[in-house]
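Reproduced below: target.cif, with mmCIF, C-alpha atoms.
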```cif
data_model
#
loop_
_atom_site.group_PDB
_atom_site.id
_atom_site.type_symbol
_atom_site.label_atom_id
_atom_site.label_comp_id
_atom_site.auth_asym_id
_atom_site.auth_seq_id
_atom_site.Cartn_x
_atom_site.Cartn_y
_atom_site.Cartn_z
ATOM 1 C CA MET A 296 90.744 90.448 78.338
ATOM 2 C CA LYS A 297 88.932 87.264 77.247
ATOM 3 C CA SER A 298 92.058 85.166 77.560
ATOM 4 C CA LYS A 299 92.257 86.068 81.219
ATOM 5 C CA VAL A 300 89.102 84.231 82.277
ATOM 6 C CA ILE A 301 90.169 81.496 84.712
ATOM 7 C CA ASN A 302 88.100 78.306 84.647
ATOM 8 C CA PHE A 303 88.642 76.043 87.657
ATOM 9 C CA LYS A 304 87.674 72.813 85.850
ATOM 10 C CA ASP A 305 90.026 73.591 82.986
ATOM 11 C CA LYS A 306 92.861 74.413 85.377
ATOM 12 C CA PHE A 307 92.328 71.239 87.443
ATOM 13 C CA SER A 308 92.588 69.170 84.231
ATOM 14 C CA GLN A 309 96.165 70.383 83.785
ATOM 15 C CA PHE A 310 97.763 68.475 86.677
ATOM 16 C CA THR A 311 97.342 65.280 88.663
ATOM 17 C CA GLU A 312 99.778 65.494 91.594
ATOM 18 C CA HIS A 313 98.415 65.597 95.120
ATOM 19 C CA TRP A 314 99.424 68.234 97.690
ATOM 20 C CA SER A 315 101.165 70.271 94.991
ATOM 21 C CA PRO A 316 99.573 73.736 94.781
ATOM 22 C CA ARG A 317 99.321 75.375 91.337
ATOM 23 C CA VAL A 318 99.004 79.137 91.154
ATOM 24 C CA ILE A 319 96.177 80.281 88.880
ATOM 25 C CA ALA A 320 95.988 83.979 89.718
ATOM 26 C CA GLU A 321 97.637 86.825 91.570
ATOM 27 C CA MET A 322 95.817 89.749 93.205
ATOM 28 C CA ASN A 323 98.228 92.370 94.519
ATOM 29 C CA ASP A 324 100.660 90.257 96.600
ATOM 30 C CA TYR A 325 98.186 87.418 97.171
ATOM 31 C CA GLN A 326 97.868 84.200 95.185
ATOM 32 C CA PHE A 327 94.980 81.877 94.319
ATOM 33 C CA LYS A 328 96.162 78.256 94.184
ATOM 34 C CA LEU A 329 94.392 75.063 93.160
ATOM 35 C CA VAL A 330 95.323 71.860 94.962
ATOM 36 C CA LYS A 331 94.263 68.240 94.574
ATOM 37 C CA VAL A 332 94.467 66.527 97.946
ATOM 38 C CA ALA A 333 94.065 62.925 99.064
ATOM 39 C CA GLY A 334 95.030 61.198 102.279
ATOM 40 C CA GLU A 335 96.675 62.868 105.252
ATOM 41 C CA PHE A 336 98.798 66.000 105.207
ATOM 42 C CA VAL A 337 101.146 66.993 108.034
ATOM 43 C CA TRP A 338 100.427 69.064 111.121
ATOM 44 C CA HIS A 339 101.736 72.571 110.532
ATOM 45 C CA ASP A 340 100.937 76.216 110.926
ATOM 46 C CA HIS A 341 101.698 79.489 109.172
ATOM 47 C CA PRO A 342 103.037 81.841 111.841
ATOM 48 C CA GLU A 343 102.902 84.871 109.553
ATOM 49 C CA THR A 344 99.499 84.699 107.848
ATOM 50 C CA ASP A 345 95.882 83.583 107.761
ATOM 51 C CA GLU A 346 95.020 81.086 105.030
ATOM 52 C CA VAL A 347 91.738 80.483 103.197
ATOM 53 C CA PHE A 348 90.512 77.066 102.019
ATOM 54 C CA ILE A 349 87.603 76.810 99.578
ATOM 55 C CA VAL A 350 86.312 73.373 98.567
ATOM 56 C CA ILE A 351 85.490 73.064 94.855
ATOM 57 C CA GLU A 352 84.845 69.306 94.648
ATOM 58 C CA GLY A 353 84.912 66.468 97.195
ATOM 59 C CA VAL A 354 85.092 66.625 100.968
ATOM 60 C CA LEU A 355 87.933 68.097 103.015
ATOM 61 C CA ASN A 356 88.497 67.519 106.691
ATOM 62 C CA ILE A 357 90.724 69.943 108.545
ATOM 63 C CA GLU A 358 91.928 68.704 111.897
ATOM 64 C CA PHE A 359 92.692 71.217 114.621
ATOM 65 C CA ARG A 360 94.095 70.503 118.076
ATOM 66 C CA ASP A 361 90.598 71.097 119.489
ATOM 67 C CA GLY A 362 88.771 68.950 116.910
ATOM 68 C CA PRO A 363 88.085 68.618 113.172
ATOM 69 C CA VAL A 364 85.887 70.503 110.734
ATOM 70 C CA THR A 365 84.424 69.134 107.507
ATOM 71 C CA LEU A 366 84.108 71.245 104.383
ATOM 72 C CA GLU A 367 81.945 70.367 101.387
ATOM 73 C CA PRO A 368 81.770 72.038 97.951
ATOM 74 C CA GLY A 369 80.652 75.645 98.287
ATOM 75 C CA GLU A 370 82.175 75.994 101.737
ATOM 76 C CA MET A 371 85.222 77.915 102.933
ATOM 77 C CA PHE A 372 87.279 78.288 106.076
ATOM 78 C CA VAL A 373 89.771 80.865 107.314
ATOM 79 C CA ILE A 374 92.645 79.272 109.199
ATOM 80 C CA PRO A 375 93.979 81.953 111.536
ATOM 81 C CA LYS A 376 97.715 82.571 111.480
ATOM 82 C CA GLY A 377 99.666 80.475 113.905
ATOM 83 C CA VAL A 378 96.909 77.879 114.365
ATOM 84 C CA GLU A 379 98.085 74.291 113.858
ATOM 85 C CA HIS A 380 96.049 72.317 111.358
ATOM 86 C CA LYS A 381 96.194 69.106 109.348
ATOM 87 C CA PRO A 382 94.134 68.655 106.166
ATOM 88 C CA VAL A 383 92.812 65.139 105.544
ATOM 89 C CA ALA A 384 90.779 63.900 102.572
ATOM 90 C CA ASN A 385 89.400 60.354 102.549
ATOM 91 C CA ALA A 386 88.963 60.592 98.766
ATOM 92 C CA GLU A 387 90.474 63.013 96.272
ATOM 93 C CA CYS A 388 89.275 66.525 96.919
ATOM 94 C CA LYS A 389 89.788 69.669 94.852
ATOM 95 C CA ILE A 390 90.352 72.884 96.730
ATOM 96 C CA MET A 391 91.387 76.488 96.223
ATOM 97 C CA ILE A 392 93.724 78.210 98.655
ATOM 98 C CA VAL A 393 94.084 81.979 98.990
ATOM 99 C CA GLU A 394 97.108 83.347 100.812
ATOM 100 C CA PRO A 395 100.006 85.771 100.387
ATOM 101 C CA LYS A 396 102.569 84.970 97.713
ATOM 102 C CA GLY A 397 105.476 82.966 99.093
ATOM 103 C CA VAL A 398 103.645 80.869 101.691
ATOM 104 C CA VAL A 399 105.035 77.312 101.854
ATOM 105 C CA ASN A 400 102.400 74.571 101.946
ATOM 106 C CA THR A 401 103.847 72.816 104.994
ATOM 107 C CA GLY A 402 104.435 76.069 106.869
ATOM 108 C CA ASP A 403 106.871 75.568 109.732
ATOM 109 C CA ALA A 404 106.973 71.752 109.353
ATOM 110 C CA ASN A 405 109.805 69.961 107.586
ATOM 111 C CA SER A 406 108.177 67.290 105.446
ATOM 112 C CA ASP A 407 108.442 65.212 102.301
ATOM 113 C CA LEU A 408 105.175 66.918 101.403
ATOM 114 C CA THR A 409 106.793 70.342 101.143
ATOM 115 C CA ALA A 410 105.976 71.401 97.586
ATOM 116 C CA GLN A 411 107.673 73.630 95.081
ATOM 117 C CA ASN A 412 106.379 77.151 95.464
ATOM 118 C CA ASP A 413 105.026 79.542 92.842
ATOM 119 C CA LEU A 414 104.227 76.810 90.295
ATOM 120 C CA TRP A 415 101.874 78.416 87.760
ATOM 121 C CA ILE A 416 99.432 76.766 85.394
ATOM 122 C CA MET B 1425 86.051 75.646 115.013
ATOM 123 C CA LYS B 1426 82.912 74.019 113.545
ATOM 124 C CA SER B 1427 80.913 77.223 113.824
ATOM 125 C CA LYS B 1428 83.420 78.937 111.562
ATOM 126 C CA VAL B 1429 82.611 76.912 108.437
ATOM 127 C CA ILE B 1430 81.251 79.375 105.859
ATOM 128 C CA ASN B 1431 78.612 77.999 103.483
ATOM 129 C CA PHE B 1432 77.983 80.187 100.427
ATOM 130 C CA LYS B 1433 74.402 78.985 99.877
ATOM 131 C CA ASP B 1434 73.522 79.625 103.505
ATOM 132 C CA LYS B 1435 75.076 83.092 103.410
ATOM 133 C CA PHE B 1436 73.330 84.037 100.147
ATOM 134 C CA SER B 1437 69.972 83.106 101.751
ATOM 135 C CA GLN B 1438 70.499 85.860 104.329
ATOM 136 C CA PHE B 1439 70.027 88.868 102.029
ATOM 137 C CA THR B 1440 68.186 89.891 98.872
ATOM 138 C CA GLU B 1441 69.527 93.331 97.890
ATOM 139 C CA HIS B 1442 71.408 93.730 94.627
ATOM 140 C CA TRP B 1443 74.841 95.387 94.369
ATOM 141 C CA SER B 1444 75.190 95.385 98.145
ATOM 142 C CA PRO B 1445 78.274 93.365 99.133
ATOM 143 C CA ARG B 1446 78.117 91.350 102.361
ATOM 144 C CA VAL B 1447 81.358 90.416 104.072
ATOM 145 C CA ILE B 1448 81.560 86.728 104.984
ATOM 146 C CA ALA B 1449 85.227 86.394 105.958
ATOM 147 C CA GLU B 1450 88.432 88.262 106.615
ATOM 148 C CA MET B 1451 91.938 86.961 105.852
ATOM 149 C CA ASN B 1452 94.628 89.299 107.183
ATOM 150 C CA ASP B 1453 93.511 92.696 105.804
ATOM 151 C CA TYR B 1454 91.529 91.200 102.911
ATOM 152 C CA GLN B 1455 87.810 90.498 102.784
ATOM 153 C CA PHE B 1456 85.642 87.917 101.031
ATOM 154 C CA LYS B 1457 82.298 89.429 100.043
ATOM 155 C CA LEU B 1458 79.176 87.885 98.532
ATOM 156 C CA VAL B 1459 77.114 90.011 96.147
ATOM 157 C CA LYS B 1460 73.856 89.441 94.289
ATOM 158 C CA VAL B 1461 73.928 91.411 91.080
ATOM 159 C CA ALA B 1462 71.329 92.101 88.390
ATOM 160 C CA GLY B 1463 71.240 94.676 85.616
ATOM 161 C CA GLU B 1464 73.945 97.213 84.914
ATOM 162 C CA PHE B 1465 76.465 98.591 87.369
ATOM 163 C CA VAL B 1466 78.444 101.794 86.786
ATOM 164 C CA TRP B 1467 81.777 102.253 85.051
ATOM 165 C CA HIS B 1468 84.441 102.611 87.722
ATOM 166 C CA ASP B 1469 87.921 101.548 88.694
ATOM 167 C CA HIS B 1470 89.883 100.941 91.879
ATOM 168 C CA PRO B 1471 93.070 102.987 91.554
ATOM 169 C CA GLU B 1472 94.681 101.356 94.603
ATOM 170 C CA THR B 1473 94.040 97.625 94.216
ATOM 171 C CA ASP B 1474 93.372 94.581 92.066
ATOM 172 C CA GLU B 1475 89.970 92.968 92.586
ATOM 173 C CA VAL B 1476 88.900 89.331 92.156
ATOM 174 C CA PHE B 1477 85.469 88.224 90.919
ATOM 175 C CA ILE B 1478 84.379 84.586 91.271
ATOM 176 C CA VAL B 1479 81.009 83.508 89.870
ATOM 177 C CA ILE B 1480 79.058 81.155 92.157
ATOM 178 C CA GLU B 1481 75.732 81.047 90.291
ATOM 179 C CA GLY B 1482 74.429 82.684 87.102
ATOM 180 C CA VAL B 1483 76.322 84.541 84.414
ATOM 181 C CA LEU B 1484 78.302 87.752 84.863
ATOM 182 C CA ASN B 1485 79.472 90.020 82.085
ATOM 183 C CA ILE B 1486 82.247 92.453 82.842
ATOM 184 C CA GLU B 1487 82.631 95.216 80.289
ATOM 185 C CA PHE B 1488 86.036 96.748 79.751
ATOM 186 C CA ARG B 1489 86.887 99.664 77.496
ATOM 187 C CA ASP B 1490 88.414 97.157 75.039
ATOM 188 C CA GLY B 1491 85.522 94.686 75.151
ATOM 189 C CA PRO B 1492 83.519 92.436 77.479
ATOM 190 C CA VAL B 1493 84.241 89.118 79.164
ATOM 191 C CA THR B 1494 81.657 86.560 80.282
ATOM 192 C CA LEU B 1495 82.063 84.552 83.476
ATOM 193 C CA GLU B 1496 80.107 81.419 84.317
ATOM 194 C CA PRO B 1497 79.968 79.449 87.587
ATOM 195 C CA GLY B 1498 83.405 78.093 88.467
ATOM 196 C CA GLU B 1499 85.178 80.941 86.734
ATOM 197 C CA MET B 1500 87.135 83.873 88.133
ATOM 198 C CA PHE B 1501 88.738 87.059 86.897
ATOM 199 C CA VAL B 1502 91.345 89.429 88.297
ATOM 200 C CA ILE B 1503 90.570 93.045 87.489
ATOM 201 C CA PRO B 1504 93.891 94.876 87.572
ATOM 202 C CA LYS B 1505 94.059 98.027 89.656
ATOM 203 C CA GLY B 1506 93.184 101.163 87.769
ATOM 204 C CA VAL B 1507 91.372 99.351 84.957
ATOM 205 C CA GLU B 1508 87.881 100.675 84.257
ATOM 206 C CA HIS B 1509 85.148 98.047 84.297
ATOM 207 C CA LYS B 1510 81.378 97.737 84.433
ATOM 208 C CA PRO B 1511 79.687 94.551 85.666
ATOM 209 C CA VAL B 1512 76.433 93.629 83.915
ATOM 210 C CA ALA B 1513 74.146 90.670 84.623
ATOM 211 C CA ASN B 1514 71.153 89.986 82.399
ATOM 212 C CA ALA B 1515 69.612 87.835 85.140
ATOM 213 C CA GLU B 1516 70.411 87.669 88.854
ATOM 214 C CA CYS B 1517 73.933 86.385 89.393
ATOM 215 C CA LYS B 1518 75.662 85.423 92.635
ATOM 216 C CA ILE B 1519 79.320 86.301 92.947
ATOM 217 C CA MET B 1520 82.139 86.437 95.454
ATOM 218 C CA ILE B 1521 84.575 89.351 95.491
ATOM 219 C CA VAL B 1522 88.000 89.240 97.126
ATOM 220 C CA GLU B 1523 89.775 92.532 97.805
ATOM 221 C CA PRO B 1524 91.423 94.514 100.582
ATOM 222 C CA LYS B 1525 89.232 95.667 103.442
ATOM 223 C CA GLY B 1526 87.856 99.157 102.857
ATOM 224 C CA VAL B 1527 87.397 99.036 99.074
ATOM 225 C CA VAL B 1528 84.229 100.867 97.991
ATOM 226 C CA ASN B 1529 82.104 98.995 95.442
ATOM 227 C CA THR B 1530 81.867 101.905 93.026
ATOM 228 C CA GLY B 1531 85.537 102.805 93.348
ATOM 229 C CA ASP B 1532 86.201 106.309 92.128
ATOM 230 C CA ALA B 1533 82.693 106.803 90.706
ATOM 231 C CA ASN B 1534 80.018 108.741 92.553
ATOM 232 C CA SER B 1535 76.827 106.765 92.168
ATOM 233 C CA ASP B 1536 73.506 105.878 93.731
ATOM 234 C CA LEU B 1537 74.880 102.338 93.661
ATOM 235 C CA THR B 1538 77.623 103.106 96.175
ATOM 236 C CA ALA B 1539 76.947 100.609 98.945
ATOM 237 C CA GLN B 1540 77.546 100.637 102.668
ATOM 238 C CA ASN B 1541 80.949 99.139 103.370
ATOM 239 C CA ASP B 1542 81.939 96.405 105.819
ATOM 240 C CA LEU B 1543 78.425 94.951 106.113
ATOM 241 C CA TRP B 1544 78.874 91.497 107.659
ATOM 242 C CA ILE B 1545 76.540 88.530 107.548
#
```

Translate this file's structure into structure tokens.
Amino acid sequence: MKSKVINFKDKFSQFTEHWSPRVIAEMNDYQFKLVKVAGEFVWHDHPETDEVFIVIEGVLNIEFRDGPVTLEPGEMFVIPKGVEHKPVANAECKIMIVEPKGVVNTGDANSDLTAQNDLWI
Amino acid sequence: MKSKVINFKDKFSQFTEHWSPRVIAEMNDYQFKLVKVAGEFVWHDHPETDEVFIVIEGVLNIEFRDGPVTLEPGEMFVIPKGVEHKPVANAECKIMIVEPKGVVNTGDANSDLTAQNDLWI
């Protein structure tokens, strides 16, 4: 079982791309994904599921149509399904996302930022 | 939305009991629970679901029938469904558990450590 311990710092050292989620674990049909983010993402929503953001390092802003929230390390946020949001990070920020397997990062939005899905590290 | 930011440190300050999970968030039919643990838990398994442990503060040992693993802050572990395990913490340790709503902390084991379910903070 020892080889199955997942260390966030170790996993983050294995990639550099921004806005490209890497799957680190699966629990039933849900996935835990690490993402390095910087700059502005696109407005989108996930009509079929809630989505959890947990900040590991740095500061993440999430804009909503009724105003932004700011998340620091040790903070999390549940984005309800169907609610439009736009992540923004003024400097590189390391986050973990928890959501069902198969969720596309840009949701219903067509974007150059749409990432390959199910990319494991 | 600002009031919905969940701060782990703030939430941990709201209870003292050991082995008594407190729900801090729900994502679809899954829950995020904070737990303060110390000493030995009971051997048990969850026949119906995987279970995720994430260590926030302190050191958590999880014993399995084929040997133990040690988790430090910033590390997580997926306990596969049906696999017997026994959490042990030599000193108080703060963890987050992610699992479907309704999972009982002691699983299939009858124990004095069986905690009230769905206790929100």

Contact table chain B vs chain A, cut-off 10 Å, shortest pair per residue, all atoms listed in the file, as a tab-separated table:
```
residue	atom	partner	partner_atom	distance
B:Met1425	CA	A:Val364	CA	6.7
B:Lys1426	CA	A:Val364	CA	5.4
B:Ser1427	CA	A:Val364	CA	8.9
B:Lys1428	CA	A:Phe372	CA	6.7
B:Val1429	CA	A:Phe372	CA	5.4
B:Ile1430	CA	A:Met371	CA	5.1
B:Asn1431	CA	A:Glu370	CA	4.4
B:Phe1432	CA	A:Gly369	CA	5.7
B:Lys1433	CA	A:Gly369	CA	7.3
B:Asp1434	CA	A:Glu370	CA	9.5
B:Ile1448	CA	A:Met371	CA	9.8
B:Ala1449	CA	A:Val373	CA	7.3
B:Glu1450	CA	A:Val373	CA	7.5
B:Met1451	CA	A:Asp345	CA	5.5
B:Asn1452	CA	A:Asp345	CA	5.9
B:Asp1453	CA	A:Asp345	CA	9.6
B:Tyr1454	CA	A:Tyr325	CA	9.6
B:Phe1456	CA	A:Val347	CA	9.9
B:Glu1472	CA	A:Asn323	CA	9.7
B:Thr1473	CA	A:Asn323	CA	6.7
B:Asp1474	CA	A:Met322	CA	5.5
B:Glu1475	CA	A:Met322	CA	6.7
B:Val1476	CA	A:Met322	CA	7.0
B:Ile1478	CA	A:Ile301	CA	9.3
B:Ile1480	CA	A:Gly369	CA	8.4
B:Ile1486	CA	A:Met296	CA	9.8
B:Glu1487	CA	A:Met296	CA	9.6
B:Phe1488	CA	A:Met296	CA	8.0
B:Asp1490	CA	A:Met296	CA	7.8
B:Gly1491	CA	A:Met296	CA	7.4
B:Pro1492	CA	A:Lys297	CA	7.5
B:Val1493	CA	A:Lys297	CA	5.4
B:Thr1494	CA	A:Lys297	CA	7.9
B:Leu1495	CA	A:Val300	CA	7.1
B:Glu1496	CA	A:Asn302	CA	8.6
B:Pro1497	CA	A:Asn302	CA	8.7
B:Gly1498	CA	A:Phe303	CA	5.7
B:Glu1499	CA	A:Asn302	CA	4.5
B:Met1500	CA	A:Ile301	CA	5.2
B:Phe1501	CA	A:Val300	CA	5.4
B:Val1502	CA	A:Met322	CA	6.6
B:Ile1503	CA	A:Met322	CA	8.4
B:Pro1504	CA	A:Met322	CA	7.9
B:Lys1505	CA	A:Asn323	CA	8.5
B:Val1522	CA	A:Met322	CA	8.8
B:Glu1523	CA	A:Met322	CA	8.1
B:Pro1524	CA	A:Asn323	CA	9.4
```

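The space between atom CA of Val1507 of chain B and atom CA of Ile390 of chain A spans 29.0 Å.
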
Selection near Ser406 of chain A, 10 Å with all atoms listed in the file, sequence-local residues under 5 positions removed, as a PyMOL selection string: chain A and resi 336-339+400-401

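If you look at atom CA of Ala384 of chain A and atom CA of Val332 of chain A, they are 6.5 Å away from each other.
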
Care to translate the PyMOL selection byres ((chain A and resi 330) around 12) into actual residues of this file, as a short mmCIF file (atom, residue, chain, number, x, y, z; two decimals) with C-alpha atoms, in the coordinates of the input?
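Output contents, as saved in result24.cif:
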```
data_model
loop_
_atom_site.label_atom_id
_atom_site.label_comp_id
_atom_site.auth_asym_id
_atom_site.auth_seq_id
_atom_site.Cartn_x
_atom_site.Cartn_y
_atom_site.Cartn_z
CA PHE A 303 88.64 76.04 87.66
CA LYS A 304 87.67 72.81 85.85
CA LYS A 306 92.86 74.41 85.38
CA PHE A 307 92.33 71.24 87.44
CA SER A 308 92.59 69.17 84.23
CA GLN A 309 96.16 70.38 83.78
CA PHE A 310 97.76 68.47 86.68
CA THR A 311 97.34 65.28 88.66
CA GLU A 312 99.78 65.49 91.59
CA HIS A 313 98.42 65.60 95.12
CA TRP A 314 99.42 68.23 97.69
CA SER A 315 101.16 70.27 94.99
CA PRO A 316 99.57 73.74 94.78
CA ARG A 317 99.32 75.38 91.34
CA VAL A 318 99.00 79.14 91.15
CA ILE A 319 96.18 80.28 88.88
CA PHE A 327 94.98 81.88 94.32
CA LYS A 328 96.16 78.26 94.18
CA LEU A 329 94.39 75.06 93.16
CA LYS A 331 94.26 68.24 94.57
CA VAL A 332 94.47 66.53 97.95
CA ALA A 333 94.06 62.92 99.06
CA PHE A 348 90.51 77.07 102.02
CA ILE A 349 87.60 76.81 99.58
CA VAL A 350 86.31 73.37 98.57
CA ILE A 351 85.49 73.06 94.86
CA GLU A 352 84.84 69.31 94.65
CA GLY A 353 84.91 66.47 97.20
CA LEU A 355 87.93 68.10 103.02
CA PRO A 382 94.13 68.66 106.17
CA ALA A 384 90.78 63.90 102.57
CA GLU A 387 90.47 63.01 96.27
CA CYS A 388 89.28 66.53 96.92
CA LYS A 389 89.79 69.67 94.85
CA ILE A 390 90.35 72.88 96.73
CA MET A 391 91.39 76.49 96.22
CA ILE A 392 93.72 78.21 98.66
CA VAL A 393 94.08 81.98 98.99
CA ASN A 400 102.40 74.57 101.95
CA ALA A 410 105.98 71.40 97.59
CA LEU A 414 104.23 76.81 90.30
CA TRP A 415 101.87 78.42 87.76
CA ILE A 416 99.43 76.77 85.39
#
```

Pairwise distance for atom CA of Gly1463 of chain B and atom CA of Asn1514 of chain B, rounded to one decimal in Å: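 Rounded to one decimal, the two atoms are 5.7 Å apart.
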
Residues selected by the PyMOL selection byres ((chain A and resi 403) around 8), written as a ChimeraX atom specification: /A:339-342,401-402,404-405

Completion step: segment 1430-1451 of chain B with N, CA and C atoms as a tab-separated table (two decimals), in the frame of the given file:
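Output file out.tsv is given in full below:
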```tsv
chain	number	residue	atom	x	y	z
B	1430	ILE	N	82.05	78.39	106.59
B	1430	ILE	CA	81.25	79.38	105.86
B	1430	ILE	C	80.65	78.71	104.63
B	1431	ASN	N	79.32	78.65	104.58
B	1431	ASN	CA	78.61	78.00	103.48
B	1431	ASN	C	78.00	79.08	102.58
B	1432	PHE	N	78.43	79.10	101.32
B	1432	PHE	CA	77.98	80.19	100.43
B	1432	PHE	C	76.46	80.21	100.28
B	1433	LYS	N	75.85	79.05	100.09
B	1433	LYS	CA	74.40	78.98	99.88
B	1433	LYS	C	73.66	79.54	101.10
B	1434	ASP	N	74.13	79.13	102.27
B	1434	ASP	CA	73.52	79.62	103.50
B	1434	ASP	C	73.67	81.15	103.61
B	1435	LYS	N	74.84	81.64	103.31
B	1435	LYS	CA	75.08	83.09	103.41
B	1435	LYS	C	74.23	83.87	102.39
B	1436	PHE	N	74.13	83.34	101.16
B	1436	PHE	CA	73.33	84.04	100.15
B	1436	PHE	C	71.85	84.10	100.55
B	1437	SER	N	71.39	83.12	101.35
B	1437	SER	CA	69.97	83.11	101.75
B	1437	SER	C	69.66	84.21	102.77
B	1438	GLN	N	70.70	84.88	103.26
B	1438	GLN	CA	70.50	85.86	104.33
B	1438	GLN	C	70.29	87.30	103.85
B	1439	PHE	N	70.30	87.50	102.52
B	1439	PHE	CA	70.03	88.87	102.03
B	1439	PHE	C	69.47	88.80	100.61
B	1440	THR	N	68.81	89.88	100.19
B	1440	THR	CA	68.19	89.89	98.87
B	1440	THR	C	68.65	91.06	98.00
B	1441	GLU	N	69.19	92.11	98.62
B	1441	GLU	CA	69.53	93.33	97.89
B	1441	GLU	C	70.57	93.07	96.80
B	1442	HIS	N	70.41	93.80	95.70
B	1442	HIS	CA	71.41	93.73	94.63
B	1442	HIS	C	72.49	94.79	94.83
B	1443	TRP	N	73.70	94.46	94.35
B	1443	TRP	CA	74.84	95.39	94.37
B	1443	TRP	C	75.19	95.85	95.78
B	1444	SER	N	74.89	95.02	96.75
B	1444	SER	CA	75.19	95.38	98.14
B	1444	SER	C	76.05	94.29	98.77
B	1445	PRO	N	77.37	94.44	98.70
B	1445	PRO	CA	78.27	93.36	99.13
B	1445	PRO	C	78.15	93.07	100.63
B	1446	ARG	N	78.15	91.79	100.96
B	1446	ARG	CA	78.12	91.35	102.36
B	1446	ARG	C	79.42	90.61	102.66
B	1447	VAL	N	80.10	91.04	103.69
B	1447	VAL	CA	81.36	90.42	104.07
B	1447	VAL	C	81.08	89.10	104.79
B	1448	ILE	N	81.74	88.03	104.33
B	1448	ILE	CA	81.56	86.73	104.98
B	1448	ILE	C	82.84	86.25	105.67
B	1449	ALA	N	83.97	86.86	105.35
B	1449	ALA	CA	85.23	86.39	105.96
B	1449	ALA	C	86.32	87.44	105.78
B	1450	GLU	N	87.26	87.40	106.70
B	1450	GLU	CA	88.43	88.26	106.62
B	1450	GLU	C	89.69	87.40	106.71
B	1451	MET	N	90.65	87.66	105.85
B	1451	MET	CA	91.94	86.96	105.85
B	1451	MET	C	93.02	88.05	105.88
```
